[in-house]
Amino acid sequence: MTESAFENLVIGWIVLAMLLVPIQLFVTAPFGRHSSRRWGPVMDNRVGWVIMELISPLVLWGSFAWSGAHSSAPVIILMALWTAHYVNRSVVYPMRIRTAGKKIPILIVVFAICFNAVNGWTNGTYFGAGWGGYSWNWLLDPRFIAGLVIMICGSAINLKADAALLKLRSKHETGYEVPRGGLFEHVSCPNFLGEIVEWTGFAIACWNLPALGFAVWTAANLIPRALSHHHWYRETFEDYPENRRAVIPGIL
């Protein structure tokens with residue numbers, strides 16, 4: 001495949017993300033607190049989570065190798081950060097969550113596999129083909145440095161929010177409680193905010209279309225879900241803080 005044809009595919013992928021946003025604003029994926037069995041057969045929540053998240057680093061490295069594996073220090077650093085994120089999401093996080101007896105629709109797992117596979121393929125292929133020309137000098141580029149700082153900050157926000165939610169869940173295994181403290185005082189879903197910031201930073205550090213596509217898809221998926229969570233909190237808890245936004249402090 002030529003670089004031009006590849007870029008056209010990625011642009012189409014980005015456009016698809018934008019087109020699906022209105023649908024996701026009205027149709028909430030039925031898992032977690034929005035769980036529903038109306039979407040067909042279900043499977044164990046923890047197993048489904050491992051399967052759908054693990055596919056991302058596997059496809060990333062597989063497509064990287066298949067496309068020529070043109071490695072350099074910046075590429076290895078960026079791919080290592082991607083892998084670290086998904087090792088946490090596919091192995092560490094599922095081991096920490098308390099979801100005994102909870103199910104997830106198999107259809108949702110399939111959708112997530114497709115999403116992660118495409119993002120892994122586009123980014124791994126771009127890196128492996130050597131189209132980005134990431135020489136050692138890229139380590140000193142302001143975009144790379146700023147992107148890494150933003151990505152690390154986003155990851156820290158995401159991990160801290162996840163830890164707070166897991167701690168709450170350990171005290172209330174059969175229900176939910178209003179999260180307090182830190183960014184939870186400003187938004188209902190700082191974990192989603194952190195992930196959006198994280199992959200925005202990654203896109204800046206890479207400065208390429210596939211990474212931008214991943215950032216756009218992350219925001220397109222998580223902002224509607226954050227709005228659904230926010231609505232759920234307001235409907236469930238009468239004393240829910242009025243000044244909280246869904247995902248972006250003071251804005252949304």
# chains A, B, ... in the order shown; residues from 1 in each chain; ligands from 1

call {"tool": "select_by_dssp", "arguments": {"residues": "segment 7-219 of chain A", "states": "alpha helix (DSSP H)", "output": "ChimeraX atom specification"}}
result
/A:7-26,45-66,73-87,93-96,106-129,142-171,190-206,209-219

call {"tool": "residues_around", "arguments": {"residues": "Asn123 of chain A", "least_positions_apart": "6", "cutoff": "8 Å", "atoms": "only C-alpha atoms", "output": "PyMOL selection string"}}
result
chain A and resi 60+210-211

call {"tool": "write_last_selection", "arguments": {"atoms": "C-alpha atoms", "output": "PDB file, in the first residue's frame"}}
result
ATOM      1  CA  LEU A  60       0.320  -2.566  17.040  1.00  0.00           C
ATOM      2  CA  PRO A 210      -2.861   7.690  12.632  1.00  0.00           C
ATOM      3  CA  ALA A 211      -2.119   9.103  16.087  1.00  0.00           C
TER       4      ALA A 211
END

call {"tool": "closest_residue", "arguments": {"among": "A:Glu7, A:Glu195, A:Asp44, A:Glu242", "to": "Asp162 of chain A", "atoms": "only C-alpha atoms"}}
result
A:Glu195

call {"tool": "closest_residue", "arguments": {"among": "A:Leu25, A:Ala220, A:Ala205, A:Ala156", "to": "Asp141 of chain A", "atoms": "only C-alpha atoms"}}
result
A:Ala205

call {"tool": "select_by_dssp", "arguments": {"residues": "segment 6-117 of chain A", "states": "strand (DSSP E)", "output": "PyMOL selection string"}}
result
chain A and resi 42-44+103-105

call {"tool": "residues_around", "arguments": {"residues": "Cys189 of chain A", "least_positions_apart": "2", "cutoff": "12 Å", "atoms": "only C-alpha atoms", "output": "VMD selection string"}}
result
chain A and resid 157 to 158 160 to 162 164 to 165 178 to 180 182 to 187 191 to 196 222 to 233 244 to 249 252

call {"tool": "write_last_selection", "arguments": {"atoms": "C-alpha atoms", "output": "PDB file, in the first residue's frame"}}
result
ATOM      1  CA  ILE A 157      -5.062  11.793  35.828  1.00  0.00           C
ATOM      2  CA  ASN A 158      -6.527   8.582  34.439  1.00  0.00           C
ATOM      3  CA  LYS A 160      -5.517   8.428  39.895  1.00  0.00           C
ATOM      4  CA  ALA A 161      -9.206   8.600  38.979  1.00  0.00           C
ATOM      5  CA  ASP A 162      -9.352   4.845  38.352  1.00  0.00           C
ATOM      6  CA  ALA A 164     -10.291   6.422  43.470  1.00  0.00           C
ATOM      7  CA  LEU A 165     -13.206   4.669  41.765  1.00  0.00           C
ATOM      8  CA  VAL A 178     -20.691   9.935  44.610  1.00  0.00           C
ATOM      9  CA  PRO A 179     -16.906  10.248  44.070  1.00  0.00           C
ATOM     10  CA  ARG A 180     -15.236  13.066  45.982  1.00  0.00           C
ATOM     11  CA  GLY A 182      -9.429  15.960  43.288  1.00  0.00           C
ATOM     12  CA  LEU A 183     -10.805  16.413  39.796  1.00  0.00           C
ATOM     13  CA  PHE A 184     -14.012  14.660  40.856  1.00  0.00           C
ATOM     14  CA  GLU A 185     -14.979  17.993  42.422  1.00  0.00           C
ATOM     15  CA  HIS A 186     -15.014  19.490  38.925  1.00  0.00           C
ATOM     16  CA  VAL A 187     -16.097  16.691  36.572  1.00  0.00           C
ATOM     17  CA  ASN A 191     -10.780   9.080  34.245  1.00  0.00           C
ATOM     18  CA  PHE A 192     -12.177   9.805  30.767  1.00  0.00           C
ATOM     19  CA  LEU A 193     -10.673  13.306  30.788  1.00  0.00           C
ATOM     20  CA  GLY A 194      -7.288  11.773  31.601  1.00  0.00           C
ATOM     21  CA  GLU A 195      -7.498   9.301  28.743  1.00  0.00           C
ATOM     22  CA  ILE A 196      -8.493  12.017  26.258  1.00  0.00           C
ATOM     23  CA  LEU A 222     -15.495   8.965  25.755  1.00  0.00           C
ATOM     24  CA  ILE A 223     -17.200  12.374  25.666  1.00  0.00           C
ATOM     25  CA  PRO A 224     -20.663  10.900  24.897  1.00  0.00           C
ATOM     26  CA  ARG A 225     -20.103   8.201  27.533  1.00  0.00           C
ATOM     27  CA  ALA A 226     -19.047  10.830  30.077  1.00  0.00           C
ATOM     28  CA  LEU A 227     -22.259  12.738  29.359  1.00  0.00           C
ATOM     29  CA  SER A 228     -24.235   9.506  29.954  1.00  0.00           C
ATOM     30  CA  HIS A 229     -22.404   8.920  33.244  1.00  0.00           C
ATOM     31  CA  HIS A 230     -23.038  12.527  34.280  1.00  0.00           C
ATOM     32  CA  HIS A 231     -26.745  12.210  33.532  1.00  0.00           C
ATOM     33  CA  TRP A 232     -26.847   8.915  35.456  1.00  0.00           C
ATOM     34  CA  TYR A 233     -25.213  10.508  38.509  1.00  0.00           C
ATOM     35  CA  ARG A 244     -19.812  19.563  38.281  1.00  0.00           C
ATOM     36  CA  ARG A 245     -19.488  19.130  34.554  1.00  0.00           C
ATOM     37  CA  ALA A 246     -19.260  15.802  32.742  1.00  0.00           C
ATOM     38  CA  VAL A 247     -15.703  15.707  31.444  1.00  0.00           C
ATOM     39  CA  ILE A 248     -14.209  19.166  30.829  1.00  0.00           C
ATOM     40  CA  PRO A 249     -14.023  21.411  33.931  1.00  0.00           C
ATOM     41  CA  LEU A 252     -18.839  20.324  29.302  1.00  0.00           C
TER      42      LEU A 252
END

call {"tool": "closest_residue", "arguments": {"among": "A:Ile104, A:Ala203, A:Leu159, A:Val216", "to": "Val42 of chain A", "atoms": "only C-alpha atoms"}}
result
A:Ile104

call {"tool": "closest_residue", "arguments": {"among": "A:Met79, A:Val118, A:Phe6, A:Leu166", "to": "Arg96 of chain A", "atoms": "only C-alpha atoms"}}
result
A:Leu166

call {"tool": "residues_around", "arguments": {"residues": "Pro74 of chain A", "least_positions_apart": "4", "cutoff": "8 Å", "atoms": "only C-alpha atoms", "output": "list in words"}}
result
Leu78, Tyr134, Ser135, Trp136, Trp138 and Leu139 of chain A

call {"tool": "closest_residue", "arguments": {"among": "A:Asn45, A:Asn137, A:Thr236, A:Asn243", "to": "Tyr176 of chain A", "atoms": "only C-alpha atoms"}}
result
A:Thr236

call {"tool": "residues_around", "arguments": {"residues": "Ala215 of chain A", "least_positions_apart": "6", "cutoff": "9 Å", "atoms": "only C-alpha atoms", "output": "PyMOL selection string"}}
result
chain A and resi 196-203

call {"tool": "write_last_selection", "arguments": {"atoms": "N, CA and C atoms", "output": "CSV table (one decimal), in the first residue's frame"}}
result
chain,number,residue,atom,x,y,z
A,196,ILE,N,-8.4,11.1,27.4
A,196,ILE,CA,-8.5,12.0,26.3
A,196,ILE,C,-7.2,12.9,26.2
A,197,VAL,N,-6.8,13.4,27.4
A,197,VAL,CA,-5.6,14.2,27.4
A,197,VAL,C,-4.4,13.3,27.0
A,198,GLU,N,-4.4,12.1,27.5
A,198,GLU,CA,-3.2,11.2,27.3
A,198,GLU,C,-3.0,10.9,25.8
A,199,TRP,N,-4.1,10.6,25.1
A,199,TRP,CA,-3.9,10.3,23.7
A,199,TRP,C,-3.8,11.5,22.8
A,200,THR,N,-4.3,12.7,23.3
A,200,THR,CA,-4.0,13.9,22.6
A,200,THR,C,-2.5,14.2,22.7
A,201,GLY,N,-1.9,14.0,23.9
A,201,GLY,CA,-0.5,14.1,24.0
A,201,GLY,C,0.3,13.2,23.1
A,202,PHE,N,-0.2,12.0,23.0
A,202,PHE,CA,0.4,11.0,22.1
A,202,PHE,C,0.4,11.5,20.6
A,203,ALA,N,-0.7,12.1,20.2
A,203,ALA,CA,-0.9,12.6,18.9
A,203,ALA,C,0.1,13.7,18.6

call {"tool": "closest_residue", "arguments": {"among": "A:Phe237, A:Phe26, A:Trp49, A:Phe144", "to": "Met95 of chain A", "atoms": "only C-alpha atoms"}}
result
A:Trp49

call {"tool": "atom_distance", "arguments": {"atom1": "atom CA of Pro22 of chain A", "atom2": "atom CA of Ser56 of chain A"}}
result
25.4 Å

call {"tool": "atom_distance", "arguments": {"atom1": "atom CA of Pro41 of chain A", "atom2": "atom CA of Asn88 of chain A"}}
result
26.9 Å

call {"tool": "residues_around", "arguments": {"residues": "Leu209 of chain A", "least_positions_apart": "2", "cutoff": "12 Å", "atoms": "only C-alpha atoms", "output": "ChimeraX atom specification"}}
result
/A:3-4,6-14,119,122-123,125-127,131-132,202-207,211-216
